[in-house]
Structures are given as structure tokens and as C-alpha cells.
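K.L.:
Quick one: this structure, given as C-alpha cells, is what I'll be asking you about.
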Amino acid sequence: MKAGTVALIGRPNVGKSTLLNRILGHKVAITSPKPQTTRFNLQAVYEDDRGQIIFVDTPGIFGKVSDTLARRINPQAEASLKQGVNVVLYMIDHTRERDFEENKTLGIVRKANVPKILVINKIDVKTPTHIVQYKFMEEEFDAVVKISALASKNINTLMDTIFSFLPEGKPFVDTKTLTQPGLNINSKIFLAEVIREKAFLFLRREVPYSLTSVVDQLIERDNGVLYVKARILTSSDRYKVMIIGKQGAMIKEISMAARKELETATNKKVYLELTVETDPHWMEYL
Ligand SMILES: Nc1nc2c(ncn2[C@@H]2O[C@H](COP(=O)(O)OP(=O)(O)OP(=O)(O)O)[C@@H](O)[C@H]2O)c(=O)[nH]1
Ligand SMILES: [Mg+2]
């Protein structure tokens with residue numbers, strides 16, 4: 001049996017969380033077309049007859065560290081590499097040009113003294129491609145695998161490659177003890193993340209970066225309905241107005257999409273009470 005920890009590293013938006021969900025076969029991490037969707041390291045457990053893998057999904061390394069949010073979440077990815085990782089998956093998006101952010105990420109990955117796999121994602125997209133800009137990287141990696149996390153291409157090849165680099169060992173986690181299948185965080189955090197994902201999908205420009213979401217209550221009522229009381233916290237009243245929208249249209253849209261997804265995830269009827277509050281200190285709670 002093999003066992004080990006695998007870190008997923010890459011600049012924002014390359015598809016790290018999408019790959020994690022694809023490998024696990026169900027959603028554990030939120031994803032969106034906007035950069036910096038993931039804000040904290042998230043561990044998920046994968047098991048098959050070959051062994052057990054703890055995957056660590058990390059926030060994309062962001063270039064602008066003058067940004068308060070980036071300053072708080074950037075060090076997380078680096079920290080993941082210092083916590084006894086056995087293999088690093090370095091993911092790139094060939095449809096985007098190599099830039100300062102990419103170089104910074106590569107610099108961090110270079111310091112890790114473990115086998116490294118270069119994962120070239122989004123091969124379902126043929127144009128645009130900047131693949132030639134990434135060619136030079138191939139030499140310094142122990143393996144290169146081209147995949148599409150979204151279209152589920154070459155995931156088996158990637159898994160075979162990961163297992164080939166993992167040490168022999170016993171499973172770390174008894175998966176029966178996990179509250180969310182395969183996931184090492186509690187249900188309240190997962191539900192809050194789903195709400196935040198919908199805010200990321202519907203709100204524009206800087207607004208998604210002005211907020212977080214917390215679940216205060218999660219109760220299964222006698223009639224089988226899951227009652228969820230949650231809040232969106234945002235930096236200023238100006239954003240609060242935008243999150244609520246005209247006659248509450250925006251919060252209604254976020255709320256409905258979140259509820260639908262929570263119902264699918266829990267297989268229960270969900271009643272979601274979602275409010276918006278101004279709290280200029282929300283970043284300190286991250
Ligand atoms: N076409 C295509 N799009 C993909 C693929 N994988 C991910 N995406 C899209 O890329 C966007 C970003 O995906 P995420 O999984 O949120 O990216 P991430 O690397 O986790 O981003 P951060 O959490 O912000 O660091 C989403 O819109 C995905 O649907 C792929 O293989 N092909
Ligand atoms: Mg992510």
C-alpha cells in the first residue's frame with residue numbers, strides 16, 4: 001500500500017480546485033472563473049486499492065501582495081510545502097501567457113525537495129495557446145502530464161504518475177471518521193464555501209473580494225429539512241447594497257443557487273436563511 005500527501009500548487013485560476021473535485025469524484029472545493037477563489041489550504045482524502053492520498057488544494061499565488069487579502073492568503077500555499085509533502089503537482093494553464101505570477105510560483109515550487117509533476121491543464125482548449133513559453137520547465141520536473149480537469153482527460157494517467165512517486169505506507173486517515181465524505185473540514189465551513197462560490201459567480205469586479213461567508217446554524221429539523229442560517233460579511237455599506245441588489249434580487253439569486261447546490265450535496269431539503277452584514281474586520285477572521 002502507498003500513502004502520502006500531495007500538494008496542488010499554481011497561480012490563480014489554473015484549475016487546481018477543479019482537478020481536486022474531478023479526482024475525488026464529487027465537489028469538495030469551490031471553483032469559479034475568477035482568480036483567488038480558494039482562500040485556505042484544504043485537505044481531501046483519496047483512496048483506492050493502491051493506497052491513500054491526502055491532497056492539499058492551495059490558494060493560487062497572487063502577484064499583487066500589496067493587496068490585503070493576498071497578503072493574508074498567499075503564505076498558505078508556501079506553508080503547505082513545508083508540512084511534509086511527498087509529491088508536488090505544479091499546475092499551469094497553457095492558454096494564458098507566462099507572467100510575473102507564474103515565475104513567483106515556480107520559484108516557490110523549486111525550493112521543495114520532493115518529486116515534482118508538471119501538470120499542463122486545459123488541453124481541451126486548443127487556442128489560444130502559449131505552450132512554447134512553458135517548454136523550458138519540462139526538464140526540471142520529474143514527470144509531465146497533460147490533462148483537462150474540466151473535460152476529464154488523462155486523469156488516470158496523472159493518478160498512475162502520482163502513485164509511482166509515493167512511498168509505501170499505511171493510511172493516515174480513517175475515512176469513516178470524516179463528516180463530509182473525503183473532506184477534512186466541517187460541514188459548516190463547506191456550506192459557507194458554497195455560498196461564497198455563488199457570490200463569486202454572480203458578483204462582479206472587486207465585490208467578491210470584499211466579502212466572506214459564515215454559517216452560524218446548521219440544524220436538521222424533525223421533518224427532515226436542513227435549516228441553514230448564514231451571513232455574508234462585507235467591508236462596507238457600499239458593497240452591502242450591491243450584494244443585496246435591487247429589491248433584493250442579487251441576494252435572492254445567490255441564495256437560490258446555494259440552496260440548490262446544498263440540496264444536491266446533502267440529499268435533503270434545505271431552508272437557507274441568508275443575510276448580509278457590514279463588518280470591516282472580516283479579513284481578520286480568515
Ligand atoms: N477549459 C477548461 N477550463 C478549466 C479546466 N479546469 C478548470 N477550468 C476552469 O478554470 C477556472 C478556474 O478553475 P479553479 O479550479 O477555480 O482554479 P484554481 O486554480 O483553483 O483557482 P484559485 O482557487 O483562484 O487559485 C474555472 O472557470 C474552471 O471551470 C479545463 O481543463 N479546461
Ligand atoms: Mg481553487
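By order of appearance in the C-alpha cells: chains A, B, ..., then residues from 1 within every chain, and ligands from 1 in the order shown.
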Neighbouring residues of range 250-261 of chain A were defined as those with any atom within 8 Å, considering only C-alpha atoms; residues of the same chain fewer than 2 positions away were excluded. Please report them as a CSV table (one decimal) with C-alpha atoms, in the first residue's frame.
P.N.:
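Once everything was written out, this is result_30.csv:
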chain,number,residue,atom,x,y,z
A,194,VAL,CA,-20.7,27.0,-1.4
A,195,ILE,CA,-22.4,30.3,-0.5
A,198,LYS,CA,-22.2,31.7,-5.7
A,199,ALA,CA,-21.2,35.2,-4.6
A,202,PHE,CA,-22.8,36.4,-9.6
A,242,MET,CA,-24.6,45.7,-4.3
A,243,ILE,CA,-24.7,42.3,-2.7
A,244,ILE,CA,-28.4,42.7,-1.8
A,245,GLY,CA,-29.2,44.2,-5.2
A,246,LYS,CA,-32.3,46.0,-6.5
A,248,GLY,CA,-33.0,42.0,-3.0
A,263,GLU,CA,-29.8,20.2,-1.5
A,264,THR,CA,-27.8,18.1,-4.1
A,265,ALA,CA,-24.8,17.8,-1.8
A,270,VAL,CA,-32.7,22.9,2.6
A,271,TYR,CA,-34.0,26.0,4.1
A,272,LEU,CA,-31.4,28.7,3.8
A,274,LEU,CA,-29.1,34.3,4.2
K.L.:
Return as a ChimeraX atom specification the residues of protein, DNA or RNA that approach ligand 1 to within 7 Å, with only C-alpha atoms and all ligand atoms taken into account.
P.N.:
/A:10-19,30-39,58-61,121-125,147-151
K.L.:
Emit the selected residues as a compact mmCIF listing (two decimals), in the first residue's frame, including N, CA and C atoms.
P.N.:
# COMPACT_ATOMS: atom_id res chain seq x y z
N GLY A 10 -0.12 26.34 -7.93
CA GLY A 10 -0.18 27.01 -9.24
C GLY A 10 -0.72 28.40 -9.07
N ARG A 11 -0.55 29.24 -10.06
CA ARG A 11 -1.08 30.60 -9.93
C ARG A 11 -2.62 30.54 -9.95
N PRO A 12 -3.28 31.64 -9.62
CA PRO A 12 -4.74 31.60 -9.55
C PRO A 12 -5.37 31.18 -10.88
N ASN A 13 -6.51 30.47 -10.77
CA ASN A 13 -7.34 30.22 -11.94
C ASN A 13 -6.84 29.15 -12.91
N VAL A 14 -5.79 28.42 -12.56
CA VAL A 14 -5.28 27.40 -13.49
C VAL A 14 -6.13 26.13 -13.47
N GLY A 15 -6.94 25.95 -12.39
CA GLY A 15 -7.82 24.78 -12.33
C GLY A 15 -7.49 23.77 -11.25
N LYS A 16 -6.81 24.21 -10.20
CA LYS A 16 -6.41 23.30 -9.11
C LYS A 16 -7.62 22.68 -8.41
N SER A 17 -8.56 23.53 -8.04
CA SER A 17 -9.73 23.03 -7.31
C SER A 17 -10.62 22.17 -8.21
N THR A 18 -10.68 22.53 -9.48
CA THR A 18 -11.45 21.72 -10.44
C THR A 18 -10.85 20.31 -10.52
N LEU A 19 -9.52 20.23 -10.54
CA LEU A 19 -8.87 18.92 -10.59
C LEU A 19 -9.16 18.12 -9.32
N ILE A 30 -14.58 24.75 -3.85
CA ILE A 30 -15.33 25.63 -4.73
C ILE A 30 -14.43 26.13 -5.86
N THR A 31 -15.04 26.42 -7.00
CA THR A 31 -14.28 26.88 -8.17
C THR A 31 -15.03 28.04 -8.79
N SER A 32 -14.32 28.89 -9.54
CA SER A 32 -15.00 29.95 -10.27
C SER A 32 -14.08 30.49 -11.34
N PRO A 33 -14.64 31.21 -12.31
CA PRO A 33 -13.77 31.78 -13.36
C PRO A 33 -12.91 32.93 -12.84
N LYS A 34 -13.08 33.34 -11.59
CA LYS A 34 -12.30 34.47 -11.07
C LYS A 34 -11.08 33.96 -10.30
N PRO A 35 -9.96 34.72 -10.38
CA PRO A 35 -8.77 34.32 -9.62
C PRO A 35 -8.99 34.41 -8.13
N GLN A 36 -8.19 33.67 -7.39
CA GLN A 36 -8.24 33.68 -5.92
C GLN A 36 -9.59 33.26 -5.36
N THR A 37 -10.12 32.21 -5.90
CA THR A 37 -11.36 31.65 -5.36
C THR A 37 -11.05 30.91 -4.06
N THR A 38 -10.00 30.09 -4.10
CA THR A 38 -9.61 29.33 -2.90
C THR A 38 -8.86 30.26 -1.95
N ARG A 39 -9.24 30.22 -0.66
CA ARG A 39 -8.60 31.14 0.29
C ARG A 39 -7.82 30.44 1.39
N THR A 58 -4.45 24.44 -2.64
CA THR A 58 -3.94 25.68 -2.05
C THR A 58 -4.47 26.89 -2.83
N PRO A 59 -4.47 28.06 -2.20
CA PRO A 59 -4.86 29.26 -2.95
C PRO A 59 -3.79 29.57 -4.00
N GLY A 60 -4.21 30.04 -5.15
CA GLY A 60 -3.26 30.43 -6.19
C GLY A 60 -2.35 31.55 -5.70
N ILE A 61 -1.10 31.47 -6.08
CA ILE A 61 -0.16 32.51 -5.63
C ILE A 61 -0.36 33.76 -6.47
N ASN A 121 -2.70 21.92 -17.70
CA ASN A 121 -4.16 21.78 -17.69
C ASN A 121 -4.80 22.50 -18.87
N LYS A 122 -6.08 22.22 -19.07
CA LYS A 122 -6.94 22.86 -20.08
C LYS A 122 -6.56 22.46 -21.50
N ILE A 123 -6.12 21.20 -21.69
CA ILE A 123 -5.76 20.77 -23.05
C ILE A 123 -6.99 20.60 -23.95
N ASP A 124 -8.19 20.71 -23.34
CA ASP A 124 -9.41 20.73 -24.18
C ASP A 124 -9.47 22.02 -24.99
N VAL A 125 -8.74 23.04 -24.56
CA VAL A 125 -8.71 24.31 -25.30
C VAL A 125 -7.48 24.29 -26.21
N ILE A 147 -3.39 17.36 -19.09
CA ILE A 147 -4.74 16.94 -18.71
C ILE A 147 -5.80 18.00 -19.06
N SER A 148 -7.04 17.60 -18.94
CA SER A 148 -8.12 18.57 -18.84
C SER A 148 -8.92 18.18 -17.59
N ALA A 149 -8.84 19.03 -16.58
CA ALA A 149 -9.57 18.76 -15.34
C ALA A 149 -11.06 18.85 -15.60
N LEU A 150 -11.44 19.82 -16.45
CA LEU A 150 -12.86 20.05 -16.72
C LEU A 150 -13.45 18.95 -17.59
N ALA A 151 -12.74 18.57 -18.65
CA ALA A 151 -13.26 17.56 -19.58
C ALA A 151 -12.81 16.16 -19.18
K.L.:
May I ask which of the residues A:Phe141, A:Phe40, A:Tyr285, A:Phe165 is the closest one to ligand 2, counting only C-alpha atoms and all ligand atoms?
P.N.:
A:Phe40
K.L.:
Let me make sure I understand: among A:Arg231, A:Glu220, A:Ala44, A:Ser164, which one has the smallest atom-to-atom distance to Ala192 in chain A if we use only C-alpha atoms?
P.N.:
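Smallest separation from Ala192 in chain A among the options: A:Arg231.
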K.L.:
In terms of the shortest atom-to-atom distance over only C-alpha atoms and all ligand atoms, which of A:Thr157, A:Gln247, A:Gln52, A:Asn41 is closest to ligand 2?
P.N.:
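Among A:Thr157, A:Gln247, A:Gln52, A:Asn41, it is A:Asn41 that comes nearest to ligand 2.
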K.L.:
Counting only C-alpha atoms, what is within 12 Å of Gln133 in chain A, bar same-chain residues fewer than 4 positions away, as a ChimeraX atom specification?
P.N.:
/A:92-99,102-103,129,137-138
K.L.:
Enumerate, as number ranges by chain, the complete set of residues in range 38-167 of chain A that a backbone-based DSSP assignment places in helix (DSSP H, G or I).
P.N.:
A: 68-81, 100-110, 131-140, 155-165
K.L.:
Could you jot down the CA of Arg71 in chain A to CA of Glu277 in chain A separation for me, Å, one decimal place?
P.N.:
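Between CA of Arg71 in chain A and CA of Glu277 in chain A the gap is 23.5 Å.
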K.L.:
Between A:Asp222, A:Glu284, A:Asp57, A:Asp142, which residue has the minimum interatomic distance to Val119 in chain A, considering only C-alpha atoms?
P.N.:
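Once distances to Val119 in chain A are computed over only C-alpha atoms, the minimum belongs to A:Asp142.
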K.L.:
I'd like the contact shell of Val114 in chain A - 10 Å cut-off, only C-alpha atoms, skipping same-chain residues fewer than 3 positions apart - returned as a list in words.
P.N.:
Leu81, Gly84, Val85, Asn86, Val87, Val88, Val109, Arg110, Lys111, Ile117, Asp142 and Phe165 of chain A
K.L.:
Would you output that residue set with N, CA, C and O atoms, as an mmCIF file, in the first residue's frame?
P.N.:
data_model
loop_
_atom_site.group_PDB
_atom_site.id
_atom_site.type_symbol
_atom_site.label_atom_id
_atom_site.label_comp_id
_atom_site.auth_asym_id
_atom_site.auth_seq_id
_atom_site.Cartn_x
_atom_site.Cartn_y
_atom_site.Cartn_z
ATOM 1 N N LEU A 81 3.938 23.425 1.514
ATOM 2 C CA LEU A 81 5.135 22.705 1.067
ATOM 3 C C LEU A 81 6.075 22.385 2.219
ATOM 4 O O LEU A 81 6.956 21.546 2.105
ATOM 5 N N GLY A 84 5.630 18.487 5.204
ATOM 6 C CA GLY A 84 5.819 17.074 4.889
ATOM 7 C C GLY A 84 5.059 16.563 3.678
ATOM 8 O O GLY A 84 4.393 15.539 3.729
ATOM 9 N N VAL A 85 5.168 17.317 2.577
ATOM 10 C CA VAL A 85 4.533 16.881 1.338
ATOM 11 C C VAL A 85 5.417 15.840 0.645
ATOM 12 O O VAL A 85 6.631 15.952 0.651
ATOM 13 N N ASN A 86 4.812 14.810 0.052
ATOM 14 C CA ASN A 86 5.602 13.778 -0.633
ATOM 15 C C ASN A 86 5.784 14.053 -2.127
ATOM 16 O O ASN A 86 6.779 13.673 -2.718
ATOM 17 N N VAL A 87 4.764 14.684 -2.723
ATOM 18 C CA VAL A 87 4.820 14.993 -4.155
ATOM 19 C C VAL A 87 4.176 16.363 -4.373
ATOM 20 O O VAL A 87 3.187 16.702 -3.724
ATOM 21 N N VAL A 88 4.757 17.144 -5.296
ATOM 22 C CA VAL A 88 4.144 18.424 -5.650
ATOM 23 C C VAL A 88 3.583 18.334 -7.066
ATOM 24 O O VAL A 88 4.258 17.878 -7.991
ATOM 25 N N VAL A 109 7.993 26.611 -5.874
ATOM 26 C CA VAL A 109 7.974 25.162 -6.128
ATOM 27 C C VAL A 109 9.399 24.609 -6.213
ATOM 28 O O VAL A 109 9.677 23.504 -5.733
ATOM 29 N N ARG A 110 10.297 25.378 -6.799
ATOM 30 C CA ARG A 110 11.693 24.934 -6.942
ATOM 31 C C ARG A 110 12.328 24.585 -5.608
ATOM 32 O O ARG A 110 13.188 23.721 -5.525
ATOM 33 N N LYS A 111 11.905 25.275 -4.559
ATOM 34 C CA LYS A 111 12.513 25.063 -3.233
ATOM 35 C C LYS A 111 12.116 23.732 -2.607
ATOM 36 O O LYS A 111 12.768 23.258 -1.693
ATOM 37 N N ILE A 117 5.638 17.005 -10.276
ATOM 38 C CA ILE A 117 4.982 16.695 -11.550
ATOM 39 C C ILE A 117 4.449 17.992 -12.149
ATOM 40 O O ILE A 117 3.739 18.744 -11.477
ATOM 41 N N ASP A 142 10.056 15.954 -12.667
ATOM 42 C CA ASP A 142 10.269 14.512 -12.723
ATOM 43 C C ASP A 142 9.319 13.839 -13.707
ATOM 44 O O ASP A 142 9.577 12.734 -14.168
ATOM 45 N N PHE A 165 5.268 7.877 -7.599
ATOM 46 C CA PHE A 165 6.226 8.652 -6.797
ATOM 47 C C PHE A 165 5.967 8.582 -5.288
ATOM 48 O O PHE A 165 6.735 9.127 -4.502
#
K.L.:
Between CA of Arg205 in chain A and CA of Leu20 in chain A, what distance in Å does the model show, to one decimal?
P.N.:
26.1 Å
K.L.:
Can you list every residue in range 48-156 of chain A that DSSP puts in strand (DSSP E), as a ChimeraX atom specification?
P.N.:
/A:48,51-57,87-93,116-121,143-146
K.L.:
In Å to one decimal, how far is CA of Arg22 in chain A from CA of Ile155 in chain A?
P.N.:
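We find that CA of Ile155 in chain A and CA of Arg22 in chain A lie 8.2 Å from each other.
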K.L.:
Which one of A:Ala3, A:Ala29, A:Ile219, A:Ala70 sits closest to ligand 2 if you count only C-alpha atoms and all ligand atoms?
P.N.:
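When distances to ligand 2 are compared using only C-alpha atoms and all ligand atoms, the smallest one comes from A:Ala29.
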K.L.:
Select, from A:Val215, A:Val6, A:Leu203, A:Val132, the residue with the minimum atom-to-atom distance to Ala249 in chain A, counting only C-alpha atoms.
P.N.:
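Closest residue, counting only C-alpha atoms: A:Leu203.
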K.L.:
Report as a PyMOL selection string all protein, DNA and RNA residues lying within 12 Å of Thr68 in chain A, evaluated on only C-alpha atoms, omitting residues in the same chain fewer than 3 positions from it.
P.N.:
chain A and resi 62+64-65+71-74+209-210+281-284+286
